[in-house]
file coords21.txt (compact mmCIF, C-alpha atoms)
# COMPACT_ATOMS: atom_id res chain seq x y z
CA MET A 1 -1.00 -21.11 -29.74
CA GLN A 2 1.41 -18.25 -29.89
CA LYS A 3 -1.47 -15.86 -30.26
CA THR A 4 -3.02 -17.19 -27.05
CA PHE A 5 0.29 -16.72 -25.28
CA VAL A 6 0.61 -13.13 -26.52
CA ARG A 7 -2.94 -12.48 -25.41
CA GLY A 8 -2.13 -13.99 -22.02
CA VAL A 9 0.89 -11.74 -21.68
CA ALA A 10 -1.21 -8.75 -22.71
CA VAL A 11 -3.85 -9.57 -20.10
CA ALA A 12 -1.15 -9.97 -17.46
CA PHE A 13 0.32 -6.62 -18.42
CA VAL A 14 -3.02 -4.89 -18.27
CA ALA A 15 -3.69 -6.48 -14.89
CA LEU A 16 -0.29 -5.34 -13.66
CA ALA A 17 -0.88 -1.89 -15.06
CA ALA A 18 -4.27 -1.70 -13.37
CA LEU A 19 -2.70 -2.84 -10.10
CA ALA A 20 0.04 -0.25 -10.42
CA ALA A 21 -2.57 2.39 -11.22
CA GLY A 22 -4.49 1.37 -8.12
CA PHE A 23 -1.37 1.78 -6.03
CA TYR A 24 -0.72 5.17 -7.54
CA PHE A 25 -4.17 6.47 -6.96
CA SER A 26 -4.33 5.12 -3.44
CA ALA A 27 -0.98 6.75 -2.71
CA GLY A 28 -2.17 10.04 -4.17
CA VAL A 29 0.84 10.19 -6.46
CA GLN A 30 0.37 11.78 -9.82
CA ARG A 31 0.53 9.57 -12.83
CA ASP A 32 1.89 12.39 -14.95
CA PRO A 33 5.51 13.36 -14.86
CA PRO A 34 6.01 15.56 -11.80
CA ALA A 35 6.20 18.87 -13.65
CA ALA A 36 2.92 18.35 -15.50
CA GLY A 37 0.81 18.73 -12.38
CA LEU A 38 2.55 21.94 -11.49
CA LEU A 39 2.42 23.42 -14.99
CA GLY A 40 -1.25 22.52 -15.28
CA LEU A 41 -2.02 24.64 -12.23
CA ALA A 42 -3.91 27.94 -12.35
CA LEU A 43 -3.85 30.11 -9.24
CA PRO A 44 -5.00 33.63 -8.47
CA ASP A 45 -2.42 36.40 -8.27
CA THR A 46 -2.55 39.07 -5.54
CA GLU A 47 -5.20 40.93 -7.56
CA GLY A 48 -7.35 37.84 -7.82
CA ARG A 49 -6.63 37.23 -11.51
CA GLU A 50 -6.19 33.60 -12.46
CA GLN A 51 -2.67 32.84 -13.70
CA ARG A 52 -1.64 29.62 -15.36
CA LEU A 53 1.75 28.13 -14.59
CA ASP A 54 2.16 27.09 -18.23
CA GLN A 55 2.14 30.68 -19.53
CA TRP A 56 5.94 30.81 -19.80
CA PRO A 57 6.74 28.05 -22.30
CA GLY A 58 10.38 27.81 -23.29
CA LYS A 59 11.58 29.67 -20.21
CA VAL A 60 13.59 28.39 -17.31
CA LEU A 61 10.99 28.53 -14.58
CA VAL A 62 11.88 28.82 -10.90
CA VAL A 63 8.80 28.05 -8.84
CA ASN A 64 9.22 29.06 -5.22
CA PHE A 65 6.70 27.92 -2.60
CA TRP A 66 6.80 30.43 0.25
CA ALA A 67 4.75 32.35 2.84
CA THR A 68 5.02 35.64 4.69
CA TRP A 69 4.94 33.67 7.97
CA CYS A 70 8.09 31.85 6.89
CA GLU A 71 11.16 33.89 7.78
CA PRO A 72 13.69 31.75 5.85
CA CYS A 73 11.45 32.15 2.79
CA ARG A 74 11.48 35.94 3.07
CA ASP A 75 15.23 35.97 3.66
CA GLU A 76 16.05 34.32 0.34
CA MET A 77 13.64 36.30 -1.84
CA PRO A 78 15.80 39.44 -2.36
CA GLU A 79 18.24 37.14 -4.20
CA PHE A 80 15.42 35.97 -6.45
CA VAL A 81 14.55 39.59 -7.24
CA LYS A 82 18.19 40.22 -8.20
CA ALA A 83 18.36 37.09 -10.36
CA GLN A 84 15.08 37.95 -12.10
CA ALA A 85 16.39 41.43 -12.92
CA ALA A 86 19.76 40.11 -14.09
CA SER A 87 18.62 37.11 -16.15
CA GLY A 88 14.98 37.70 -17.03
CA ALA A 89 15.92 38.81 -20.55
CA ARG A 90 17.80 35.55 -21.08
CA GLY A 91 14.73 33.48 -20.30
CA LEU A 92 14.71 33.13 -16.51
CA GLN A 93 11.29 33.42 -14.92
CA PHE A 94 10.57 33.26 -11.20
CA VAL A 95 7.07 32.51 -9.94
CA GLY A 96 6.13 32.49 -6.30
CA ILE A 97 3.38 30.34 -4.86
CA ALA A 98 2.46 31.75 -1.48
CA ILE A 99 0.71 29.50 1.01
CA ASP A 100 -0.83 32.56 2.54
CA GLN A 101 -3.52 35.24 2.49
CA PRO A 102 -3.67 37.58 -0.55
CA ASP A 103 -3.43 40.83 1.46
CA LYS A 104 -0.28 39.71 3.25
CA VAL A 105 1.27 38.52 -0.01
CA ARG A 106 0.42 41.85 -1.67
CA GLN A 107 1.92 43.82 1.22
CA PHE A 108 5.12 41.82 1.26
CA SER A 109 5.43 41.90 -2.55
CA GLN A 110 5.27 45.70 -2.39
CA ASP A 111 7.73 45.92 0.51
CA LEU A 112 10.22 43.78 -1.35
CA LYS A 113 9.52 45.34 -4.79
CA LEU A 114 8.95 41.85 -6.12
CA ASN A 115 9.62 41.85 -9.89
CA TYR A 116 7.97 38.50 -10.60
CA PRO A 117 4.44 37.26 -9.96
CA SER A 118 3.51 35.64 -6.71
CA LEU A 119 0.41 33.56 -6.90
CA VAL A 120 -1.68 32.65 -3.90
CA GLY A 121 -2.15 28.97 -3.23
CA GLY A 122 -3.85 27.19 -0.40
CA TYR A 123 -2.98 23.97 1.29
CA GLY A 124 -3.75 22.19 -2.00
CA ALA A 125 -0.81 23.91 -3.67
CA LEU A 126 1.40 22.72 -0.85
CA GLU A 127 0.05 19.19 -1.33
CA LEU A 128 1.14 19.45 -4.94
CA SER A 129 4.70 20.25 -3.87
CA LYS A 130 4.67 16.91 -2.05
CA ALA A 131 4.54 15.12 -5.40
CA LEU A 132 7.62 17.10 -6.37
CA GLY A 133 9.59 15.88 -3.37
CA ASN A 134 8.46 18.15 -0.53
CA LYS A 135 7.85 15.20 1.77
CA VAL A 136 7.12 17.10 4.98
CA MET A 137 5.38 19.97 3.15
CA ALA A 138 7.59 22.66 4.64
CA LEU A 139 8.65 26.01 3.18
CA PRO A 140 10.55 27.32 1.31
CA PHE A 141 10.49 24.73 -1.43
CA THR A 142 11.84 25.59 -4.86
CA VAL A 143 11.50 23.72 -8.13
CA ILE A 144 13.48 24.60 -11.25
CA ILE A 145 11.83 23.59 -14.52
CA ASP A 146 13.89 23.51 -17.71
CA ARG A 147 12.91 24.99 -21.07
CA GLU A 148 11.31 21.68 -22.08
CA GLY A 149 9.06 21.65 -19.04
CA ARG A 150 10.93 19.02 -17.05
CA VAL A 151 11.87 19.26 -13.40
CA ALA A 152 15.59 19.94 -13.37
CA TYR A 153 16.07 20.53 -9.67
CA ALA A 154 14.11 20.68 -6.45
CA GLN A 155 15.28 22.24 -3.23
CA MET A 156 13.86 21.91 0.24
CA GLY A 157 14.89 24.90 2.31
CA PRO A 158 16.67 28.05 1.16
CA LEU A 159 18.42 28.03 -2.20
CA LYS A 160 21.84 29.59 -1.79
CA PRO A 161 22.67 32.23 -4.43
CA GLY A 162 25.72 30.27 -5.66
CA LYS A 163 23.62 27.14 -6.06
CA LEU A 164 20.93 28.99 -8.00
CA ASP A 165 23.53 30.48 -10.36
CA SER A 166 25.26 27.17 -10.95
CA ILE A 167 22.03 25.34 -11.85
CA VAL A 168 20.29 28.08 -13.79
CA GLY A 169 23.47 29.37 -15.46
CA LYS A 170 23.85 26.19 -17.51
CA MET A 171 20.25 26.34 -18.65
CA LEU A 172 20.11 29.93 -19.90
CA MET B 1 1.23 -3.90 -29.06
CA GLY B 2 2.38 -0.31 -29.22
CA TRP B 3 -0.64 0.91 -27.33
CA LEU B 4 -0.03 -1.66 -24.64
CA THR B 5 3.61 -0.73 -24.19
CA GLY B 6 2.50 2.86 -24.02
CA LEU B 7 -0.14 2.10 -21.44
CA VAL B 8 2.23 0.10 -19.28
CA ALA B 9 4.90 2.78 -19.58
CA ALA B 10 2.42 5.52 -18.70
CA VAL B 11 1.08 3.65 -15.72
CA LEU B 12 4.43 2.53 -14.42
CA TYR B 13 5.94 5.98 -14.79
CA ALA B 14 6.93 6.86 -11.29
CA GLY B 15 8.41 10.06 -12.56
CA PRO B 16 12.02 10.26 -12.09
CA MET B 17 11.17 11.85 -8.74
CA PRO B 18 13.43 14.86 -8.85
CA ALA B 19 16.30 14.46 -6.49
CA VAL B 20 15.58 16.89 -3.71
CA ALA B 21 18.83 18.50 -2.87
CA ALA B 22 20.05 19.10 0.63
CA ASP B 23 17.05 17.41 2.17
CA PRO B 24 18.00 17.82 5.80
CA GLN B 25 15.95 14.83 7.01
CA LEU B 26 13.24 16.98 8.42
CA LEU B 27 10.73 15.62 10.86
CA PRO B 28 7.07 15.80 9.95
CA PRO B 29 5.43 18.55 12.05
CA GLU B 30 3.57 16.07 14.28
CA GLN B 31 6.92 14.66 15.36
CA ALA B 32 8.79 17.95 15.52
CA PHE B 33 6.02 19.40 17.71
CA ARG B 34 4.58 16.52 19.72
CA PHE B 35 1.28 17.39 21.26
CA SER B 36 -0.10 15.83 24.43
CA ALA B 37 -2.59 16.95 27.06
CA ARG B 38 -4.28 16.00 30.30
CA ALA B 39 -7.19 17.23 32.34
CA LEU B 40 -5.84 18.86 35.51
CA SER B 41 -9.37 19.03 36.88
CA ASP B 42 -12.92 19.23 35.58
CA ARG B 43 -12.24 22.90 34.84
CA THR B 44 -8.71 23.04 33.49
CA LEU B 45 -6.86 21.28 30.69
CA GLU B 46 -3.12 21.27 30.29
CA ALA B 47 -1.72 21.12 26.75
CA ARG B 48 1.92 20.26 26.17
CA PHE B 49 4.15 20.58 23.15
CA ALA B 50 7.44 18.69 23.20
CA ILE B 51 9.53 20.54 20.64
CA ALA B 52 12.38 18.56 19.08
CA ASP B 53 15.90 20.02 19.24
CA GLY B 54 16.53 22.41 16.40
CA TYR B 55 12.85 23.35 16.05
CA TYR B 56 10.74 26.15 17.49
CA LEU B 57 7.09 27.24 17.70
CA TYR B 58 5.55 30.70 17.46
CA ARG B 59 3.64 31.85 20.54
CA ASP B 60 0.99 33.82 18.66
CA LYS B 61 0.10 30.95 16.33
CA PHE B 62 -1.49 28.64 18.87
CA ARG B 63 -5.21 28.04 18.49
CA PHE B 64 -7.22 25.69 20.64
CA ALA B 65 -10.71 24.36 20.18
CA VAL B 66 -12.86 21.76 21.94
CA LEU B 67 -15.71 19.54 20.95
CA PRO B 68 -18.54 18.76 21.54
CA GLU B 69 -20.48 21.97 21.08
CA GLY B 70 -21.44 23.51 24.38
CA VAL B 71 -18.07 22.97 26.00
CA VAL B 72 -16.54 26.41 26.34
CA LEU B 73 -12.83 26.98 26.31
CA GLY B 74 -11.41 30.04 28.08
CA ALA B 75 -8.39 32.05 26.98
CA PRO B 76 -5.26 29.88 26.89
CA GLU B 77 -2.56 30.80 29.40
CA LEU B 78 0.58 30.84 27.30
CA PRO B 79 3.93 31.23 29.07
CA PRO B 80 6.19 34.05 27.86
CA GLY B 81 8.42 33.07 24.97
CA LYS B 82 11.78 34.23 23.75
CA ILE B 83 11.37 37.57 22.01
CA LYS B 84 12.93 38.25 18.67
CA THR B 85 12.36 40.98 16.11
CA ASP B 86 10.94 39.99 12.77
CA GLU B 87 11.39 42.45 9.89
CA PHE B 88 7.86 41.94 8.63
CA PHE B 89 5.85 41.14 11.76
CA GLY B 90 7.82 43.09 14.38
CA LYS B 91 8.21 41.56 17.81
CA VAL B 92 7.54 37.82 17.86
CA GLU B 93 7.85 35.26 20.63
CA THR B 94 9.08 31.72 20.14
CA TYR B 95 9.30 28.56 22.24
CA ARG B 96 11.84 25.77 22.36
CA GLY B 97 11.93 22.63 24.50
CA THR B 98 8.60 22.00 26.22
CA VAL B 99 5.68 24.41 26.31
CA VAL B 100 2.88 23.92 28.79
CA VAL B 101 -0.37 25.78 28.15
CA LYS B 102 -3.24 25.92 30.63
CA LEU B 103 -6.74 25.97 29.19
CA PRO B 104 -9.71 26.82 31.40
CA LEU B 105 -12.95 25.21 30.32
CA SER B 106 -16.52 24.80 31.37
CA ALA B 107 -17.91 21.36 30.74
CA VAL B 108 -19.80 18.67 32.52
CA ALA B 109 -17.52 16.61 34.78
CA GLY B 110 -17.01 13.09 33.51
CA GLN B 111 -17.58 14.27 29.97
CA THR B 112 -15.25 13.31 27.16
CA VAL B 113 -13.88 16.18 25.13
CA VAL B 114 -11.83 16.39 21.95
CA LEU B 115 -9.09 18.99 22.13
CA ALA B 116 -7.73 20.32 18.84
CA ALA B 117 -4.55 22.37 18.82
CA ASP B 118 -3.15 24.35 15.91
CA SER B 119 0.51 25.26 16.11
CA GLN B 120 3.04 26.68 13.72
CA GLY B 121 6.79 26.56 13.82
CA CYS B 122 10.06 26.22 12.00
CA ALA B 123 13.33 24.29 11.97
CA ASP B 124 16.70 25.97 12.45
CA VAL B 125 17.91 24.53 9.15
CA GLY B 126 15.77 27.19 7.51
CA VAL B 127 12.32 25.80 6.83
CA CYS B 128 8.91 26.49 8.30
CA TYR B 129 5.80 24.36 8.53
CA PRO B 130 2.29 25.57 7.81
CA PRO B 131 -0.10 25.62 10.77
CA THR B 132 -0.63 22.02 11.85
CA ARG B 133 -3.71 20.70 13.64
CA GLN B 134 -3.38 17.87 16.13
CA LYS B 135 -6.23 16.32 18.11
CA LEU B 136 -6.70 14.12 21.13
CA THR B 137 -9.52 12.94 23.36
CA LEU B 138 -9.65 13.54 27.12
CA ALA B 139 -12.03 12.27 29.76
CA LEU B 140 -12.71 14.99 32.33
CA PRO B 141 -12.30 13.87 35.96
CA ALA B 142 -15.00 14.25 38.58
CA PRO B 143 -14.81 17.47 40.65
CA GLY B 144 -12.17 17.07 43.34
CA ALA B 145 -10.61 14.04 41.68
CA GLY B 146 -6.94 14.25 40.71
CA PRO B 147 -5.61 15.05 37.25
CA GLY B 148 -6.32 12.65 34.43
CA ALA B 149 -3.64 10.72 32.55
CA LEU B 150 -1.49 12.39 29.93
CA VAL B 151 -2.79 11.60 26.46
CA GLU B 152 -0.55 11.78 23.39
CA ALA B 153 -2.01 12.99 20.11
CA ALA B 154 -2.59 10.05 17.80
CA PRO B 155 0.50 9.40 15.70
CA PRO B 156 -0.05 10.23 12.04
CA LYS B 157 -1.25 7.34 9.87
CA LYS B 158 1.50 5.39 8.22
CA ASN B 159 1.72 5.80 4.49
CA TRP B 160 3.23 2.67 3.04
CA PHE B 161 3.92 4.32 -0.27
CA GLN B 162 6.61 6.67 0.87
call {"tool": "encode", "arguments": {"input": "coords21.txt", "output": "structure tokens"}}
result
Amino acid sequence: MQKTFVRGVAVAFVALAALAAGFYFSAGVQRDPPAAGLLGLALPDTEGREQRLDQWPGKVLVVNFWATWCEPCRDEMPEFVKAQAASGARGLQFVGIAIDQPDKVRQFSQDLKLNYPSLVGGYGALELSKALGNKVMALPFTVIIDREGRVAYAQMGPLKPGKLDSIVGKML
Amino acid sequence: MGWLTGLVAAVLYAGPMPAVAADPQLLPPEQAFRFSARALSDRTLEARFAIADGYYLYRDKFRFAVLPEGVVLGAPELPPGKIKTDEFFGKVETYRGTVVVKLPLSAVAGQTVVLAADSQGCADVGVCYPPTRQKLTLALPAPGAGPGALVEAAPPKKNWFQ
């Protein structure tokens, strides 16, 4: 009798789980924790070489979605260059994901003397940022991932230098 | 039962969605840059963008296209914008408020055309949107008839899961 009940509960759970899964898939939300989708990504760099986002395990990763056509994005990037130079040795790693054309990204990276990789993503990469909280899919959008690979912070719009220091400082 | 708990946990995991800091309640681009249009005559369309306060569009990012094949769109007549200097792109022009763009076209009068408009802009709070395509359908008036009614681009589909 009890066995039947347990089985009934199990069936109900599976049904509920299947229903929930259906909702998830129909909503286009990832089933994995939010960072997993991002870290599982491989995108070309400005030279066309495929780069995986999971190639910096154990580092504090700052993933910045940007574009050359986005002025507020360009405005905040010199601060990222400074932070990368100052804290790279302590385990801070910036990665840009540009929703842009490779030649423009290459040009801007040179102009700015970018000291961290900027990968080139399409609209699909921007879609991915939606799962991380970028509801309107605007730029810049920055995600900070801790040393264990969990999303520690997400920022829509420019990340003020003080804010970056206060979040990242505790993690380094 | 361990597997079942695991399965349920995995499926029900919504993520702790990371708290997105300083989310300034941004409008989706279709609402920040509301697109509408009308046929002024059988040879001219008028596209309008109603730009919400605190948002702006770039003049050189507009792209227009019409369907069906065979309908030919002329060069859009874009009003002058406000000029500002961009470090990377040089001189750029932006619009605020309402922008009205005239589009000459050659089509058969009485025909129905689909007008697609790409636009790209930003919000003053410091974010930019990727180019956004909006579409609407217009019936062209007969030659000599007055302008057609203003048609709003279809509102984006509701997503109940947000």
call {"tool": "residues_around", "arguments": {"input": "coords21.txt", "residues": "segment 44-58 of chain A", "least_positions_apart": "5", "cutoff": "10 Å", "atoms": "only C-alpha atoms", "output": "PyMOL selection string"}}
result
chain A and resi 36-39+63+91-93+95-98+101-107+109+117-121+145-149
call {"tool": "residues_around", "arguments": {"input": "coords21.txt", "residues": "Val99 of chain B", "least_positions_apart": "6", "cutoff": "9 Å", "atoms": "only C-alpha atoms", "output": "list in words"}}
result
Ala47, Arg48, Phe49, Ala50, Ile51, Leu78 and Pro79 of chain B
call {"tool": "write_last_selection", "arguments": {"input": "coords21.txt", "atoms": "C-alpha atoms", "output": "tab-separated table (two decimals), in the frame of the given file"}}
result
chain	number	residue	atom	x	y	z
B	47	ALA	CA	-1.72	21.12	26.75
B	48	ARG	CA	1.92	20.26	26.17
B	49	PHE	CA	4.15	20.58	23.15
B	50	ALA	CA	7.44	18.69	23.20
B	51	ILE	CA	9.53	20.54	20.64
B	78	LEU	CA	0.58	30.84	27.30
B	79	PRO	CA	3.93	31.23	29.07
call {"tool": "closest_residue", "arguments": {"input": "coords21.txt", "among": "B:Gly74, B:Pro68, B:Gly121, B:Pro104", "to": "chain A", "atoms": "all atoms listed in the file"}}
result
B:Gly121
call {"tool": "closest_residue", "arguments": {"input": "coords21.txt", "among": "B:Leu45, B:Ile83, B:Cys122, B:Ala149", "to": "chain A", "atoms": "all atoms listed in the file"}}
result
B:Cys122
call {"tool": "atom_distance", "arguments": {"input": "coords21.txt", "atom1": "atom CA of Arg90 of chain A", "atom2": "atom CA of Val151 of chain A"}}
result
19.0 Å
call {"tool": "atom_distance", "arguments": {"input": "coords21.txt", "atom1": "atom CA of Ala154 of chain A", "atom2": "atom CA of Ala89 of chain A"}}
result
23.0 Å
call {"tool": "closest_residue", "arguments": {"input": "coords21.txt", "among": "A:Val168, A:Lys135, A:Cys70, A:Tyr123", "to": "Gly88 of chain A", "atoms": "all atoms listed in the file"}}
result
A:Val168
call {"tool": "closest_residue", "arguments": {"input": "coords21.txt", "among": "B:Phe64, B:Tyr129, B:Phe89, B:Phe35", "to": "chain A", "atoms": "all atoms listed in the file"}}
result
B:Tyr129
call {"tool": "atom_distance", "arguments": {"input": "coords21.txt", "atom1": "atom CA of Lys59 of chain A", "atom2": "atom CA of Gly157 of chain A"}}
result
23.3 Å
call {"tool": "closest_residue", "arguments": {"input": "coords21.txt", "among": "A:Tyr153, A:Phe65, A:Phe80, A:Tyr116", "to": "chain B", "atoms": "only C-alpha atoms"}}
result
A:Tyr153
call {"tool": "closest_residue", "arguments": {"input": "coords21.txt", "among": "B:Leu57, B:Leu138, B:Ala65, B:Val125", "to": "Tyr95 of chain B", "atoms": "only C-alpha atoms"}}
result
B:Leu57
call {"tool": "residues_near_point", "arguments": {"input": "coords21.txt", "point": "(11.8, 15.1, 8.9)", "cutoff": "10 Å", "atoms": "only C-alpha atoms", "output": "NGL selection string"}}
result
(:A and (135-138)) or (:B and (23-32 or 123))
call {"tool": "residues_around", "arguments": {"input": "coords21.txt", "residues": "segment 69-72 of chain B", "least_positions_apart": "5", "cutoff": "6 Å", "atoms": "only C-alpha atoms", "output": "ChimeraX atom specification"}}
result
/B:105-107
call {"tool": "axis_aligned_box", "arguments": {"input": "coords21.txt", "around": "segment 157-165 of chain A", "padding_each_side": "4 Å", "output": "JSON"}}
result
{"center_x": 20.3, "center_y": 28.6, "center_z": -4.0, "size_x": 18.8, "size_y": 15.3, "size_z": 20.7}
